[in-house]
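The next block is run39.cif, given as mmCIF, C-alpha atoms (C1' of nucleotides).
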```cif
data_structure
#
loop_
_atom_site.label_atom_id
_atom_site.label_comp_id
_atom_site.auth_asym_id
_atom_site.auth_seq_id
_atom_site.Cartn_x
_atom_site.Cartn_y
_atom_site.Cartn_z
CA MET A 291 0.00 0.00 0.00
CA LEU A 292 1.14 3.49 0.80
CA LYS A 293 4.16 4.08 -1.35
CA ARG A 294 3.10 1.89 -4.22
CA LEU A 295 -0.23 3.62 -4.66
CA VAL A 296 1.53 6.94 -4.93
CA GLU A 297 4.14 5.59 -7.30
CA LEU A 298 1.66 4.01 -9.65
CA ARG A 299 -0.72 6.97 -9.67
CA LYS A 300 2.07 9.44 -10.32
CA SER A 301 3.53 7.26 -13.04
CA LYS A 302 0.19 7.69 -14.79
CA LYS A 303 0.12 11.39 -13.92
CA TRP A 304 -3.28 11.18 -12.35
CA SER A 305 -4.62 13.45 -9.61
CA LEU A 306 -6.30 12.24 -6.45
CA GLN A 307 -9.56 13.70 -7.69
CA TYR A 308 -9.35 11.89 -11.01
CA ILE A 309 -8.58 8.50 -9.54
CA ALA A 310 -11.23 8.95 -6.85
CA ASP A 311 -13.82 9.72 -9.51
CA ARG A 312 -12.81 6.67 -11.54
CA LEU A 313 -13.15 4.55 -8.40
CA GLY A 314 -16.41 6.15 -7.42
CA ILE A 315 -15.22 7.25 -3.99
CA ALA A 316 -14.43 10.57 -2.36
CA LYS A 317 -11.09 12.21 -2.90
CA SER A 318 -10.42 12.33 0.82
CA THR A 319 -11.17 8.65 1.05
CA TYR A 320 -8.59 7.70 -1.54
CA ALA A 321 -6.12 10.14 -0.06
CA GLY A 322 -6.47 8.24 3.19
CA TYR A 323 -5.29 5.09 1.45
CA GLU A 324 -2.17 6.70 0.10
CA SER A 325 -1.28 8.31 3.40
CA GLY A 326 -1.88 5.08 5.24
CA TYR A 327 -4.49 6.78 7.38
CA ARG A 328 -7.18 4.44 6.11
CA GLU A 329 -7.42 1.02 4.53
CA PRO A 330 -9.53 0.36 1.46
CA SER A 331 -12.21 -2.27 1.44
CA LEU A 332 -11.61 -5.39 -0.56
CA GLU A 333 -13.96 -4.07 -3.20
CA SER A 334 -12.00 -0.85 -3.44
CA ILE A 335 -8.60 -2.49 -3.56
CA ASN A 336 -9.90 -4.65 -6.36
CA LYS A 337 -10.94 -1.64 -8.36
CA ILE A 338 -7.68 0.11 -7.58
CA ALA A 339 -5.63 -2.80 -8.85
CA ASP A 340 -7.69 -2.88 -12.02
CA LEU A 341 -7.36 0.85 -12.55
CA LEU A 342 -3.63 0.90 -11.88
CA GLU A 343 -3.19 -2.23 -13.97
CA THR A 344 -1.46 -4.20 -11.27
CA SER A 345 -2.14 -6.99 -8.82
CA VAL A 346 -3.54 -6.73 -5.33
CA ASP A 347 -0.53 -8.70 -4.16
CA TYR A 348 1.74 -5.98 -5.48
CA LEU A 349 -0.26 -3.25 -3.78
CA LEU A 350 -0.03 -5.17 -0.52
CA GLY A 351 3.69 -5.67 -0.93
CA ARG A 352 3.36 -9.43 -1.25
CA THR A 353 5.27 -9.41 -4.53
CA ASP A 354 7.68 -7.06 -6.22
CA HIS A 355 6.26 -7.55 -9.68
CA PRO A 356 3.98 -4.65 -10.53
CA THR A 357 2.73 -6.51 -13.57
CA ILE A 358 -0.32 -8.67 -13.56
CA GLN A 359 1.32 -12.00 -12.95
CA PRO A 360 -0.45 -15.03 -14.31
CA GLN A 361 -1.77 -14.08 -17.68
CA GLU A 362 0.72 -11.42 -18.57
CA GLU A 363 3.74 -13.47 -17.57
CA LYS A 364 2.36 -16.34 -19.55
CA MET A 365 1.84 -14.05 -22.53
CA LYS A 366 5.38 -12.84 -22.16
CA MET A 367 6.68 -16.37 -22.34
CA GLU A 368 4.66 -17.08 -25.42
CA GLN A 369 5.61 -13.85 -27.06
CA PRO A 370 8.87 -13.61 -28.97
CA LEU A 371 11.91 -13.03 -26.82
CA GLU A 372 13.81 -10.00 -28.04
CA LEU A 373 17.56 -10.55 -27.98
CA THR A 374 18.58 -6.99 -28.70
CA ASP A 375 17.61 -4.19 -26.39
CA LYS A 376 18.92 -1.16 -28.24
CA ASN A 377 22.61 -2.02 -28.49
CA SER A 378 22.86 -4.01 -25.30
CA VAL A 379 22.30 -7.70 -24.93
CA ILE A 380 19.39 -9.51 -23.36
CA SER A 381 19.71 -9.84 -19.59
CA ILE A 382 18.62 -13.47 -19.44
CA PRO A 383 21.52 -15.88 -19.79
CA LEU A 384 21.25 -18.22 -22.75
CA THR A 385 22.78 -21.67 -22.97
CA ILE A 386 23.70 -24.06 -25.74
CA ASP A 387 24.18 -27.68 -24.75
CA GLY A 388 23.97 -26.54 -21.16
CA LYS A 389 26.93 -24.22 -21.45
CA CYS A 390 26.35 -20.54 -20.95
CA LEU A 391 26.68 -18.23 -23.90
CA SER A 392 29.12 -15.36 -23.51
CA SER A 393 27.91 -11.90 -24.37
CA ASP A 394 30.62 -11.79 -27.04
CA GLU A 395 29.26 -14.88 -28.71
CA LEU A 396 25.78 -13.45 -28.67
CA LEU A 397 26.93 -10.12 -30.05
CA GLN A 398 28.75 -11.93 -32.82
CA PHE A 399 25.59 -13.77 -33.67
CA ILE A 400 23.50 -10.61 -33.65
CA ALA A 401 26.01 -8.90 -35.92
CA PHE A 402 25.94 -11.90 -38.21
CA VAL A 403 22.17 -11.88 -38.50
CA ARG A 404 22.10 -8.15 -39.12
CA ALA A 405 24.69 -8.42 -41.87
CA LYS A 406 22.84 -11.30 -43.45
CA ARG A 407 19.57 -9.35 -43.44
CA GLU A 408 21.33 -6.34 -44.92
CA LEU A 409 22.50 -8.44 -47.81
CA GLU A 410 19.03 -9.84 -48.38
CA ASN A 411 17.54 -6.37 -48.43
CA ASN A 412 20.08 -5.07 -50.95
CA ARG A 413 19.39 -8.00 -53.22
CA ASN A 414 15.76 -6.84 -53.70
CA MET B 86 -13.29 -15.35 -1.50
CA LEU B 87 -16.08 -17.62 -0.39
CA LYS B 88 -15.61 -20.82 -2.32
CA ARG B 89 -11.87 -20.65 -2.60
CA LEU B 90 -11.35 -20.28 1.12
CA VAL B 91 -13.37 -23.40 1.72
CA GLU B 92 -11.64 -25.31 -1.04
CA LEU B 93 -8.16 -24.48 0.15
CA ARG B 94 -8.89 -25.11 3.81
CA LYS B 95 -10.52 -28.45 3.11
CA SER B 96 -7.70 -29.46 0.80
CA LYS B 97 -5.46 -29.08 3.82
CA LYS B 98 -8.00 -30.82 6.03
CA TRP B 99 -8.07 -28.01 8.54
CA SER B 100 -10.96 -27.12 10.81
CA LEU B 101 -12.36 -23.64 11.25
CA GLN B 102 -11.08 -23.63 14.80
CA TYR B 103 -7.58 -24.58 13.75
CA ILE B 104 -7.28 -21.99 11.03
CA ALA B 105 -8.82 -19.32 13.24
CA ASP B 106 -6.26 -20.07 15.94
CA ARG B 107 -3.42 -19.89 13.43
CA LEU B 108 -4.73 -16.54 12.25
CA GLY B 109 -5.31 -15.29 15.77
CA ILE B 110 -9.00 -14.56 15.25
CA ALA B 111 -12.25 -16.04 16.48
CA LYS B 112 -13.73 -19.08 14.85
CA SER B 113 -16.95 -17.24 14.12
CA THR B 114 -15.00 -14.45 12.50
CA TYR B 115 -13.27 -16.72 10.05
CA ALA B 116 -16.50 -18.59 9.46
CA GLY B 117 -17.99 -15.27 8.40
CA TYR B 118 -15.37 -14.97 5.68
CA GLU B 119 -16.12 -18.37 4.22
CA SER B 120 -19.85 -17.82 4.27
CA GLY B 121 -19.47 -14.42 2.73
CA TYR B 122 -21.19 -12.83 5.72
CA ARG B 123 -18.12 -10.76 6.50
CA GLU B 124 -15.03 -9.55 4.72
CA PRO B 125 -11.59 -9.89 6.22
CA SER B 126 -9.38 -6.89 6.82
CA LEU B 127 -6.37 -6.47 4.58
CA GLU B 128 -4.20 -7.68 7.41
CA SER B 129 -6.28 -10.81 7.79
CA ILE B 130 -6.43 -11.61 4.10
CA ASN B 131 -2.67 -11.27 4.01
CA LYS B 132 -2.28 -13.80 6.77
CA ILE B 133 -4.84 -16.08 5.17
CA ALA B 134 -2.99 -16.06 1.85
CA ASP B 135 0.24 -16.87 3.66
CA LEU B 136 -1.34 -19.65 5.65
CA LEU B 137 -3.08 -21.19 2.66
CA GLU B 138 0.04 -20.72 0.57
CA THR B 139 -1.65 -18.79 -2.18
CA SER B 140 -1.98 -15.24 -3.46
CA VAL B 141 -4.45 -12.60 -2.38
CA ASP B 142 -5.35 -12.22 -6.03
CA TYR B 143 -6.40 -15.85 -6.14
CA LEU B 144 -8.52 -15.50 -3.02
CA LEU B 145 -10.22 -12.48 -4.54
CA GLY B 146 -10.82 -14.32 -7.79
CA ARG B 147 -8.54 -12.00 -9.74
CA THR B 148 -6.55 -14.92 -11.07
CA ASP B 149 -7.16 -18.61 -11.49
CA HIS B 150 -3.66 -19.64 -10.48
CA PRO B 151 -3.72 -20.84 -6.87
CA THR B 152 0.05 -21.01 -6.82
CA ILE B 153 2.22 -18.16 -5.78
CA GLN B 154 3.20 -16.83 -9.17
CA PRO B 155 5.82 -14.14 -8.73
CA GLN B 156 8.76 -16.06 -7.34
CA GLU B 157 8.27 -19.07 -9.52
CA GLU B 158 8.01 -17.03 -12.66
CA LYS B 159 10.91 -14.89 -11.58
CA MET B 160 13.07 -17.93 -11.01
CA LYS B 161 12.13 -19.18 -14.42
CA MET B 162 13.12 -15.89 -15.99
CA GLU B 163 16.40 -15.67 -14.17
CA GLN B 164 17.44 -19.19 -14.95
CA PRO B 165 19.42 -19.69 -18.14
CA LEU B 166 17.31 -20.24 -21.20
CA GLU B 167 18.45 -23.35 -23.01
CA LEU B 168 18.47 -22.87 -26.78
CA THR B 169 19.09 -26.50 -27.68
CA ASP B 170 16.66 -29.14 -26.62
CA LYS B 171 18.32 -32.31 -27.81
CA ASN B 172 18.56 -31.65 -31.53
CA SER B 173 15.48 -29.49 -31.83
CA VAL B 174 15.29 -25.76 -31.34
CA ILE B 175 13.79 -23.80 -28.52
CA SER B 176 10.04 -23.41 -28.75
CA ILE B 177 9.98 -19.73 -27.83
CA PRO B 178 10.42 -17.50 -30.85
CA LEU B 179 13.43 -15.21 -30.65
CA THR B 180 13.73 -11.81 -32.27
CA ILE B 181 16.57 -9.51 -33.24
CA ASP B 182 15.67 -5.88 -33.84
CA GLY B 183 12.05 -6.90 -33.61
CA LYS B 184 12.28 -9.34 -36.51
CA CYS B 185 11.68 -12.98 -35.81
CA LEU B 186 14.54 -15.38 -36.09
CA SER B 187 14.08 -18.32 -38.43
CA SER B 188 14.88 -21.75 -37.11
CA ASP B 189 17.51 -22.04 -39.83
CA GLU B 190 19.28 -18.95 -38.59
CA LEU B 191 19.23 -20.26 -35.05
CA LEU B 192 20.50 -23.66 -36.11
CA GLN B 193 23.33 -22.01 -38.01
CA PHE B 194 24.27 -20.10 -34.91
CA ILE B 195 24.15 -23.16 -32.72
CA ALA B 196 26.34 -25.02 -35.18
CA PHE B 197 28.72 -22.09 -35.21
CA VAL B 198 29.04 -22.00 -31.44
CA ARG B 199 29.53 -25.75 -31.23
CA ALA B 200 32.26 -25.62 -33.83
CA LYS B 201 33.95 -22.73 -32.06
CA ARG B 202 33.90 -24.58 -28.75
CA GLU B 203 35.26 -27.69 -30.41
CA LEU B 204 38.23 -25.71 -31.69
CA GLU B 205 38.88 -24.21 -28.29
CA ASN B 206 38.83 -27.62 -26.66
CA ASN B 207 41.28 -29.10 -29.15
CA ARG B 208 43.64 -26.21 -28.63
CA ASN B 209 44.19 -27.21 -24.98
"C1'" DT C 242 6.19 38.78 -8.37
"C1'" DG C 243 1.46 38.02 -6.92
"C1'" DA C 244 -3.24 36.12 -8.08
"C1'" DT C 245 -6.04 32.25 -9.01
"C1'" DA C 246 -7.17 27.59 -9.39
"C1'" DA C 247 -6.12 23.04 -8.89
"C1'" DA C 248 -4.03 19.53 -6.04
"C1'" DA C 249 -3.08 17.62 -1.80
"C1'" DT C 250 -3.77 17.13 3.21
"C1'" DA C 251 -6.25 17.38 7.64
"C1'" DC C 252 -10.48 17.19 10.45
"C1'" DG C 253 -15.10 15.98 12.56
"C1'" DC C 254 -18.86 13.13 12.49
"C1'" DA C 255 -22.47 9.57 11.34
"C1'" DT C 256 -22.90 5.02 10.43
"C1'" DA C 257 -21.71 0.64 8.40
"C1'" DA C 258 -19.65 -3.50 9.56
"C1'" DC C 259 -15.95 -5.90 11.95
"C1'" DG C 260 -14.79 -9.07 15.57
"C1'" DC C 261 -16.06 -11.45 19.52
"C1'" DA C 262 -18.68 -14.51 22.71
"C1'" DA C 263 -22.18 -17.54 23.17
"C1'" DA C 264 -25.97 -20.21 21.64
"C1'" DC C 265 -27.42 -23.39 18.42
"C1'" DT C 266 -27.24 -27.07 14.74
"C1'" DT C 267 -24.92 -30.57 12.31
"C1'" DT C 268 -21.52 -34.16 11.65
"C1'" DA C 269 -18.33 -37.91 13.17
"C1'" DC C 270 -17.37 -41.83 15.65
"C1'" DA C 271 -17.48 -45.30 19.22
"C1'" DT D 99 -27.47 -43.51 20.93
"C1'" DG D 100 -24.37 -40.50 23.42
"C1'" DT D 101 -20.57 -37.40 23.28
"C1'" DA D 102 -17.39 -34.29 21.32
"C1'" DA D 103 -15.84 -31.80 17.67
"C1'" DA D 104 -17.04 -29.12 13.60
"C1'" DG D 105 -19.75 -25.85 11.63
"C1'" DT D 106 -23.48 -22.05 11.58
"C1'" DT D 107 -26.11 -18.23 13.27
"C1'" DT D 108 -27.20 -14.22 16.28
"C1'" DG D 109 -26.67 -9.97 19.18
"C1'" DC D 110 -23.92 -6.42 20.52
"C1'" DG D 111 -20.04 -3.15 21.60
"C1'" DT D 112 -16.53 -0.75 19.30
"C1'" DT D 113 -13.83 0.37 15.65
"C1'" DA D 114 -12.68 2.85 11.73
"C1'" DT D 115 -14.47 3.62 7.19
"C1'" DG D 116 -16.30 7.04 4.07
"C1'" DC D 117 -18.05 11.42 3.37
"C1'" DG D 118 -18.19 16.54 3.32
"C1'" DT D 119 -15.77 20.37 4.35
"C1'" DA D 120 -11.95 23.21 5.63
"C1'" DT D 121 -7.20 24.14 5.32
"C1'" DT D 122 -2.68 24.01 3.34
"C1'" DT D 123 0.37 23.35 -0.51
"C1'" DT D 124 1.62 23.37 -5.31
"C1'" DA D 125 1.26 24.89 -10.08
"C1'" DT D 126 0.38 28.25 -13.68
"C1'" DC D 127 -1.01 32.08 -15.43
"C1'" DA D 128 -0.29 37.66 -16.23
#
```

What is this structure when it is put down as structure tokens?
Amino acid sequence: MLKRLVELRKSKKWSLQYIADRLGIAKSTYAGYESGYREPSLESINKIADLLETSVDYLLGRTDHPTIQPQEEKMKMEQPLELTDKNSVISIPLTIDGKCLSSDELLQFIAFVRAKRELENNRN
Amino acid sequence: MLKRLVELRKSKKWSLQYIADRLGIAKSTYAGYESGYREPSLESINKIADLLETSVDYLLGRTDHPTIQPQEEKMKMEQPLELTDKNSVISIPLTIDGKCLSSDELLQFIAFVRAKRELENNRN
DNA sequence: TGATAAAATACGCATAACGCAAACTTTACA
DNA sequence: TGTAAAGTTTGCGTTATGCGTATTTTATCA
């Protein structure tokens, strides 16, 4: 609670009034949640989690993942895994035959693929 | 709430009295939660989730995964991702610069790394 | 810089509902 | 069938939630 409510609301650049209206409660009521002066009902915390696009467990500090765990994480796993983040390498270690891939090896591979694609593009 | 509390408690073969004692509340109080007559405080629902080894989101019906997602998923993400499963390729699609990697490209890379390692081993 | 409005915080009060004990009903088991 | 445990319901005192309103702080104009 407390800090995370503030963080999430500010990250969306919402005012207390706006979020209170969306939740259908008084501004002072929601303010009480953020200050720790009051605790929301289960119904309210449900709505808050929905509105802030997070999990109740995150709001309660039971997990450090702000994302909605089950479905989203699952989606993430099923979605393509991007190897190149700008010019840096992916943070997850990759292995081939159980042996960890060095960042050099991966960079070499990325460079190779890029060069290969460049050639294919020029051919057309 | 409601049904899931009953399910989880019965799956552990606990009585109302036992679980109430563990939570430090009255039997009738906890019974109220299961019947839907009362709602637990945030503090209580936290303890309940801990005791029943599940997430608050599951108790509230926000997710259908009874397991505690965050850590497990996190572990999975932080563990090395094996690219070679026997002789087949990883099932998760990989991308470079947003463009999906063909299985041929990946196989080429794997072959390249294997060859490179072979050379290094022979050198010693 | 000062004026104005919006945003954020604090306060007082009525009332909903939480938590408990205790009574009551149902189930388990010998 | 008798006894104890498990489960359900009820009444009540007290808490603290939620609201309106007032006050303070911050932001944005000229």

* Counting all atoms listed in the file, which residues from chain C have an atom at most 12 Å from any atom of chain A, and could you show them as a PyMOL selection string? -> chain C and resi 247-252+258-259

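A cut-off of 12 Å from the point (-15.7, -26.1, 13.1), with only C-alpha atoms (C1' of nucleotides), picks out the residues Val91, Arg94, Lys95, Lys98, Trp99, Ser100, Leu101, Gln102, Tyr103, Ile104, Ala105, Asp106, Ala111, Lys112, Ser113, Thr114, Tyr115, Ala116 and Glu119 of chain B; DT266, DT267 and DT268 of chain C; DA102, DA103, DA104, DG105 and DT106 of chain D.
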
For range 249-253 of chain C, I'd like the enclosing box, axis-aligned and padded by 3 Å on every side, reported as JSON with centre and edge lengths in Å to one decimal.
```
{"center_x": -9.1, "center_y": 16.8, "center_z": 5.4, "size_x": 18.0, "size_y": 7.6, "size_z": 20.4}
```

* **Atomic separation - CA of Lys132 in chain B relative to C1' of DT108 in chain D, Å** =>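 Separation between C1' of DT108 in chain D and CA of Lys132 in chain B: 26.7 Å.
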
* To do: Provide as a ChimeraX atom specification the residues of chain D at most 10 Å from chain A, counting all atoms listed in the file.
  => /D:114-118

* d(C1' of DG260 in chain C, CA of Gly351 in chain A) in Å ->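 Going from C1' of DG260 in chain C over to CA of Gly351 in chain A, I get 25.0 Å.
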